[in-house]
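S.K.: Dropping a structure here in structure tokens format, bear with me for questions.
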Amino acid sequence: MIRAVRAELFKLRTSPGPWVVLCAVLAFSALGIVFTFLVAKGAHHLEFVAPHTQYRLRRLMGAGFVAGGVWMGAIVGVLSVTGEYRHKLMTQSLLVEPRRWKLLLAKALGTALWGVFYAVASLLMVGAMGIPLLVTQGGSLSSLFDQAGAVLPGYFAGFALLALFGAGLGTLIKNQIAAVVTILAITFIIEPIIDGVVPNAGKWLPLAASASIAGGLVRVPDHGALLGAWVAAVVLAGWALVPIVVGYFATFKRDVT
Amino acid sequence: MRSSWIVSNSTLSSQVVDPSIKRADAVPIEVRGLSKRFGAVEAVADLDFTVAPGRITGFLGPNGAGKTTTLRMLLGLVRPTSGTALIGGQRYRDIVDPLRRVGALLEATSFHPARRARDHLRMCALGAHVERARVEEVLEVVGLKDSARRRVGGFSLGMRQRLGLATALLGDPAVLILDEPANGLDPQGIAWLRQFLRYLARQGHTVLVSSHLLAEMAQTVDDVVIIAGGRARASGPLSDLTGRVHLAMRVRTPEADRLQGILHAAHLAYRRLAQDVVVVDGVSAEQLGPLLARSQIVTYELVSQGTDLEAVFLSLTGPGVHPPAATGGTARGVGAPR
């Protein structure tokens, strides 16, 4: 299995899509960092101020989450599976590993690891851009690092599980464009609407679950009820595994003609 | 590109294919009662054949005959409706590290266009537990060493075909299954492929090749399996199949009248097609040639008529030809290695 996962990581490393997505993750992280320093002063005025509250320091550390970069992990999950169909690579992949469950499992694990790579890249962006900004604006580095324990485990888990969720959607929806559009629709239309109309249901949705895992990032902690981190991890894993299992039986096991 | 082929050919026998080495791990391919139905369409019906080690078996059939579906069932990509397709007694999906036992070339489009040729092979090597050095070897064999860093999207069809062949050879497998391997190859490439497959067969490899290039197949294969409409029409050694078809030789001579008298005296059937053309039935070139020489007949042409693979193929798969069950013919297993 380790070999199969390494092969999947090699596939991601040698195709351009995941690198384009990495650029997007870094760009979103950079935006997240900048916006963390901006504080509203009056109706039409923003001021550039070093974050000092616990919540804003967490948001700085989780800049990728805050700006929505974590959803890029979901998109790479989609690319990982649907790319096999789009470029007719499934034939070759199954010649190398004919056991389909093993191929799909390797693909899911490889994608999750790639999601962790994005999390690391996003954090490096925080280091490279956020820390100098924090220091020059008179912020406290020790206060920032104090939030690491509350944010980082969930931060990595959130990226990994959302990448897995993307792989699941890709397994279910073979068409790459349709799968990416579905991810975007869930992020920007479906989840905000459900969250707005039925907040108690909204917390069970993927983005809310990822926010719960990562120490309340993305949402203000006292906004509605967030799930506990472990419950949220199970919920998000469920969001990933259900489409993987359904997709495996619905599409992945089909004849490759 | 030409130099690449020359390099490949020069390294062929010394590095990769040593005819003195016999594969001990070569196994037969056995297809028994194989059928596949896609909805109302019966793509393959009750197919039986065996591909023996040490021989090249041509898998022939018109478009839509079920060749690719059969090969895909053999490789675990399509699930048979019934029957079995085994390689060395195992289903492909049950073979451990299958790329090291079976090399397959199915389509020249199964590459990510943005991936470099060398990376494609490394990716397969990584998943198949094949050492990395082998990637450079197969690139050399197929003449892609100089293009290894290029992205596959910029490759010609012939180059993609060679990359597919390199992928099939990656695990140094004892069994090769190649679907239209000569597609897109230039004449030098086709000649090299023929020579290469012959080398592999002499080493003891089991080689199953599907192709539309009947003249090329006639020069390459030992055995043939001919299918049409999803059913086997014939299988066996090529020489047996061509021998089944009525032999005839076409002779072009300025002495056609004298030749007719000689043929009559020799009790040979003949037809006068033109002033200077006589077709002699039921003889081979080996039989008729000496007779013409002994009789001192001036001969401009002596051509085999209707005895080639194309004639066999057309007679078995042409319009109006019915499956063996309807005509009384049966497909039989390909013979043991000669």
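Going by the structure tokens order, chains are called A, B, ..., each with residues numbered from 1, while ligands are numbered from 1 in the order shown.
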Would you return as a PDB file with N, CA and C atoms, in the first residue's frame the members of stretch 71-100 of chain B that DSSP assigns to strand (DSSP E) on this structure's backbone?

M.R.:
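Full text of states_9.pdb as output:
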```pdb
ATOM      1  N   SER B  82     -19.577 -13.937 -18.749  1.00  0.00           N
ATOM      2  CA  SER B  82     -19.338 -15.332 -18.355  1.00  0.00           C
ATOM      3  C   SER B  82     -18.001 -15.775 -18.946  1.00  0.00           C
ATOM      4  N   GLY B  83     -17.517 -16.892 -18.457  1.00  0.00           N
ATOM      5  CA  GLY B  83     -16.254 -17.422 -18.959  1.00  0.00           C
ATOM      6  C   GLY B  83     -15.055 -16.892 -18.195  1.00  0.00           C
ATOM      7  N   THR B  84     -13.894 -17.380 -18.594  1.00  0.00           N
ATOM      8  CA  THR B  84     -12.664 -16.983 -17.901  1.00  0.00           C
ATOM      9  C   THR B  84     -11.605 -16.546 -18.899  1.00  0.00           C
ATOM     10  N   ALA B  85     -10.767 -15.648 -18.442  1.00  0.00           N
ATOM     11  CA  ALA B  85      -9.602 -15.206 -19.219  1.00  0.00           C
ATOM     12  C   ALA B  85      -8.424 -15.217 -18.245  1.00  0.00           C
ATOM     13  N   LEU B  86      -7.550 -16.202 -18.399  1.00  0.00           N
ATOM     14  CA  LEU B  86      -6.487 -16.414 -17.414  1.00  0.00           C
ATOM     15  C   LEU B  86      -5.111 -16.275 -18.042  1.00  0.00           C
ATOM     16  N   ILE B  87      -4.208 -15.775 -17.243  1.00  0.00           N
ATOM     17  CA  ILE B  87      -2.807 -15.668 -17.659  1.00  0.00           C
ATOM     18  C   ILE B  87      -2.009 -16.524 -16.673  1.00  0.00           C
TER      19      ILE B  87
END
```

S.K.: If we count only C-alpha atoms, which residues of chain B reach to within 10 Å of chain A? Please list them as a CSV table (one decimal) with C-alpha atoms, in the first residue's frame.

M.R.:
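What ended up in iface.csv:
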```
chain,number,residue,atom,x,y,z
B,68,THR,CA,-10.3,-4.8,-27.6
B,69,THR,CA,-13.1,-6.0,-25.3
B,72,ARG,CA,-9.6,-5.7,-21.7
B,73,MET,CA,-11.3,-8.7,-20.1
B,75,LEU,CA,-6.5,-7.5,-18.3
B,76,GLY,CA,-9.2,-7.1,-15.7
B,77,LEU,CA,-10.5,-3.8,-17.1
B,78,VAL,CA,-13.9,-5.2,-18.3
B,79,ARG,CA,-15.8,-7.8,-16.2
B,80,PRO,CA,-16.8,-10.8,-18.4
B,92,TYR,CA,-5.0,-10.5,-14.0
B,93,ARG,CA,-6.3,-8.9,-10.9
B,94,ASP,CA,-5.0,-11.8,-8.8
B,95,ILE,CA,-1.4,-11.5,-10.1
B,96,VAL,CA,1.0,-10.0,-7.6
B,97,ASP,CA,2.9,-7.1,-9.2
B,98,PRO,CA,1.2,-7.7,-12.5
B,99,LEU,CA,3.4,-5.3,-14.5
B,100,ARG,CA,6.3,-7.7,-13.8
B,102,VAL,CA,2.3,-9.1,-18.0
B,103,GLY,CA,3.1,-6.1,-20.2
B,104,ALA,CA,0.2,-4.5,-22.0
B,105,LEU,CA,-0.2,-1.8,-24.6
B,106,LEU,CA,-3.8,-0.9,-25.1
B,107,GLU,CA,-4.1,2.6,-26.4
B,109,THR,CA,-3.7,8.0,-25.4
B,110,SER,CA,-3.4,6.7,-21.8
B,111,PHE,CA,-0.9,9.4,-20.8
B,112,HIS,CA,-1.2,12.7,-19.0
B,113,PRO,CA,-0.3,15.3,-21.7
B,114,ALA,CA,1.6,17.5,-19.3
B,115,ARG,CA,3.7,14.7,-17.8
B,116,ARG,CA,7.2,14.0,-19.1
B,119,ASP,CA,8.0,10.6,-15.3
B,120,HIS,CA,5.2,8.5,-16.8
B,122,ARG,CA,8.8,6.3,-13.2
B,123,MET,CA,5.3,6.6,-12.0
B,124,CYS,CA,4.5,3.1,-13.3
B,125,ALA,CA,7.8,1.7,-12.0
B,126,LEU,CA,7.1,3.1,-8.6
B,127,GLY,CA,3.6,1.5,-8.4
B,128,ALA,CA,4.8,-1.8,-10.0
B,129,HIS,CA,7.8,-2.3,-7.8
B,164,GLY,CA,3.3,2.7,-24.5
B,167,THR,CA,5.5,0.9,-20.4
B,168,ALA,CA,4.6,-2.6,-21.4
```

S.K.: So which one's closest to B:Pro254, B:Leu185, B:Arg231, B:Glu301, B:Leu121? Using only C-alpha atoms, please.

M.R.: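 Ranked by minimum distance to B:Pro254, first place goes to B:Glu301.
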
S.K.: How would you write, as a ChimeraX atom specification, the set of residues in stretch 80-302 of chain B that DSSP gives as alpha helix (DSSP H)?

M.R.: /B:117-128,133-141,157-169,187-203,214-220,238-244,256-265,285-294

S.K.: May I have the selected residues written with C-alpha atoms, as a PDB file, in the first residue's frame?

M.R.:
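New file result03.pdb:
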```pdb
ATOM      1  CA  ALA B 117       7.805  10.662 -20.752  1.00  0.00           C
ATOM      2  CA  ARG B 118      10.390   9.652 -18.149  1.00  0.00           C
ATOM      3  CA  ASP B 119       8.030  10.636 -15.325  1.00  0.00           C
ATOM      4  CA  HIS B 120       5.248   8.515 -16.823  1.00  0.00           C
ATOM      5  CA  LEU B 121       7.540   5.501 -16.713  1.00  0.00           C
ATOM      6  CA  ARG B 122       8.849   6.330 -13.240  1.00  0.00           C
ATOM      7  CA  MET B 123       5.280   6.615 -12.003  1.00  0.00           C
ATOM      8  CA  CYS B 124       4.481   3.143 -13.337  1.00  0.00           C
ATOM      9  CA  ALA B 125       7.773   1.737 -12.033  1.00  0.00           C
ATOM     10  CA  LEU B 126       7.052   3.096  -8.582  1.00  0.00           C
ATOM     11  CA  GLY B 127       3.630   1.469  -8.420  1.00  0.00           C
ATOM     12  CA  ALA B 128       4.816  -1.788  -9.976  1.00  0.00           C
ATOM     13  CA  ALA B 133      17.206   1.969 -13.674  1.00  0.00           C
ATOM     14  CA  ARG B 134      14.823  -0.071 -15.800  1.00  0.00           C
ATOM     15  CA  VAL B 135      13.131   3.169 -16.918  1.00  0.00           C
ATOM     16  CA  GLU B 136      16.301   4.269 -18.700  1.00  0.00           C
ATOM     17  CA  GLU B 137      16.693   0.817 -20.252  1.00  0.00           C
ATOM     18  CA  VAL B 138      13.244   0.759 -21.812  1.00  0.00           C
ATOM     19  CA  LEU B 139      13.573   4.359 -22.992  1.00  0.00           C
ATOM     20  CA  GLU B 140      16.707   3.238 -24.793  1.00  0.00           C
ATOM     21  CA  VAL B 141      15.017   0.164 -26.239  1.00  0.00           C
ATOM     22  CA  LEU B 157       1.246   9.141 -32.345  1.00  0.00           C
ATOM     23  CA  GLY B 158       4.279   7.011 -33.128  1.00  0.00           C
ATOM     24  CA  MET B 159       6.190   8.376 -30.141  1.00  0.00           C
ATOM     25  CA  ARG B 160       3.222   7.753 -27.867  1.00  0.00           C
ATOM     26  CA  GLN B 161       3.035   4.239 -29.208  1.00  0.00           C
ATOM     27  CA  ARG B 162       6.680   3.695 -28.389  1.00  0.00           C
ATOM     28  CA  LEU B 163       6.152   5.118 -24.911  1.00  0.00           C
ATOM     29  CA  GLY B 164       3.268   2.688 -24.471  1.00  0.00           C
ATOM     30  CA  LEU B 165       5.539  -0.122 -25.596  1.00  0.00           C
ATOM     31  CA  ALA B 166       8.188   1.039 -23.127  1.00  0.00           C
ATOM     32  CA  THR B 167       5.550   0.930 -20.386  1.00  0.00           C
ATOM     33  CA  ALA B 168       4.622  -2.610 -21.390  1.00  0.00           C
ATOM     34  CA  LEU B 169       8.272  -3.678 -21.256  1.00  0.00           C
ATOM     35  CA  PRO B 187       8.285   1.795 -41.613  1.00  0.00           C
ATOM     36  CA  GLN B 188      11.543   1.595 -39.670  1.00  0.00           C
ATOM     37  CA  GLY B 189       9.609   1.391 -36.444  1.00  0.00           C
ATOM     38  CA  ILE B 190       7.363  -1.346 -37.797  1.00  0.00           C
ATOM     39  CA  ALA B 191      10.371  -3.343 -38.989  1.00  0.00           C
ATOM     40  CA  TRP B 192      12.029  -2.892 -35.592  1.00  0.00           C
ATOM     41  CA  LEU B 193       8.849  -3.971 -33.814  1.00  0.00           C
ATOM     42  CA  ARG B 194       8.647  -7.116 -35.933  1.00  0.00           C
ATOM     43  CA  GLN B 195      12.266  -7.965 -35.213  1.00  0.00           C
ATOM     44  CA  PHE B 196      11.791  -7.187 -31.533  1.00  0.00           C
ATOM     45  CA  LEU B 197       8.720  -9.391 -31.183  1.00  0.00           C
ATOM     46  CA  ARG B 198      10.517 -12.228 -32.954  1.00  0.00           C
ATOM     47  CA  TYR B 199      13.382 -11.904 -30.484  1.00  0.00           C
ATOM     48  CA  LEU B 200      10.957 -11.976 -27.575  1.00  0.00           C
ATOM     49  CA  ALA B 201       9.218 -15.073 -28.915  1.00  0.00           C
ATOM     50  CA  ARG B 202      12.539 -16.837 -29.399  1.00  0.00           C
ATOM     51  CA  GLN B 203      13.331 -16.070 -25.771  1.00  0.00           C
ATOM     52  CA  LEU B 214      -2.529  -8.151 -42.115  1.00  0.00           C
ATOM     53  CA  ALA B 215       0.533  -8.099 -44.339  1.00  0.00           C
ATOM     54  CA  GLU B 216       2.631  -7.097 -41.357  1.00  0.00           C
ATOM     55  CA  MET B 217       1.040  -9.744 -39.156  1.00  0.00           C
ATOM     56  CA  ALA B 218       1.671 -12.374 -41.803  1.00  0.00           C
ATOM     57  CA  GLN B 219       5.382 -11.630 -41.517  1.00  0.00           C
ATOM     58  CA  THR B 220       5.376 -11.595 -37.728  1.00  0.00           C
ATOM     59  CA  LEU B 238      -0.803 -19.407 -39.528  1.00  0.00           C
ATOM     60  CA  SER B 239       0.536 -21.990 -41.966  1.00  0.00           C
ATOM     61  CA  ASP B 240      -2.407 -24.300 -41.252  1.00  0.00           C
ATOM     62  CA  LEU B 241      -4.916 -21.549 -41.824  1.00  0.00           C
ATOM     63  CA  THR B 242      -3.421 -20.314 -45.060  1.00  0.00           C
ATOM     64  CA  GLY B 243      -3.135 -23.924 -46.182  1.00  0.00           C
ATOM     65  CA  ARG B 244      -6.868 -24.374 -45.766  1.00  0.00           C
ATOM     66  CA  ALA B 256       0.900 -19.128 -72.402  1.00  0.00           C
ATOM     67  CA  ASP B 257      -0.237 -21.487 -75.150  1.00  0.00           C
ATOM     68  CA  ARG B 258       2.740 -23.815 -74.638  1.00  0.00           C
ATOM     69  CA  LEU B 259       2.257 -23.597 -70.838  1.00  0.00           C
ATOM     70  CA  GLN B 260      -1.363 -24.719 -71.209  1.00  0.00           C
ATOM     71  CA  GLY B 261      -0.196 -27.873 -72.989  1.00  0.00           C
ATOM     72  CA  ILE B 262       2.357 -28.597 -70.284  1.00  0.00           C
ATOM     73  CA  LEU B 263      -0.209 -28.098 -67.518  1.00  0.00           C
ATOM     74  CA  HIS B 264      -2.680 -30.328 -69.338  1.00  0.00           C
ATOM     75  CA  ALA B 265      -0.059 -33.083 -69.658  1.00  0.00           C
ATOM     76  CA  ALA B 285       5.227 -21.778 -55.940  1.00  0.00           C
ATOM     77  CA  GLU B 286       7.492 -24.596 -54.774  1.00  0.00           C
ATOM     78  CA  GLN B 287       5.573 -27.070 -56.918  1.00  0.00           C
ATOM     79  CA  LEU B 288       5.020 -24.968 -60.035  1.00  0.00           C
ATOM     80  CA  GLY B 289       8.424 -23.232 -60.189  1.00  0.00           C
ATOM     81  CA  PRO B 290      10.461 -26.375 -60.946  1.00  0.00           C
ATOM     82  CA  LEU B 291       7.930 -27.457 -63.590  1.00  0.00           C
ATOM     83  CA  LEU B 292       8.280 -24.108 -65.375  1.00  0.00           C
ATOM     84  CA  ALA B 293      12.070 -24.382 -65.178  1.00  0.00           C
ATOM     85  CA  ARG B 294      12.172 -27.932 -66.517  1.00  0.00           C
TER      86      ARG B 294
END
```

S.K.: Tell me which protein, DNA and RNA residues are within 10 Å of B:Val209, counting only C-alpha atoms, leaving out same-chain ones fewer than 5 positions away, and put them as a list in words.

M.R.: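 Surrounding residues, per the criterion: Ile56, Thr57, Gly58, Phe59, Leu60, Leu71, Ala104, Leu105, Leu176, Ile177, Leu178, Asp179, Glu180, Pro181, Ala182, Leu197, Met217, Thr220, Val221, Val224 and Val225 of chain B.
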
S.K.: Give me the residues near A:Gly62 as a list of chain:residue names, where near means some atom within 9 Å (using only C-alpha atoms) and where sequence neighbours in that chain fewer than 2 positions away do not count.

M.R.: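 Using only C-alpha atoms, the neighbours found are A:Ser29, A:Gly32, A:Ile33, A:Leu57, A:Arg58, A:Arg59, A:Leu60, A:Gly64, A:Phe65, A:Val66, A:Ala67, A:Ser122, A:Leu123, A:Val126, A:Val151, A:Leu152, A:Tyr155, A:Ala214, A:Leu217, A:Val218.
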
S.K.: If we count only C-alpha atoms and set the cut-off at 9 Å, which residues sit around A:Val235, ignoring sequence neighbours fewer than 3 positions away in its own chain? Please answer as a ChimeraX atom specification.

M.R.: /A:204-206,209,230-232,238-240

S.K.: For a quick check of understanding, using only C-alpha atoms, which of A:Lys107, A:Ser210, A:Ile193, A:Ile183 has the smallest distance to A:Phe252?

M.R.: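 Closest candidate: A:Lys107.
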
S.K.: Tell me, as a ChimeraX atom specification, which residues lie within 8 Å of A:Gly168, counting only C-alpha atoms; anything in the same chain fewer than 5 positions away does not count.

M.R.: /A:77-78,108,240-245,247
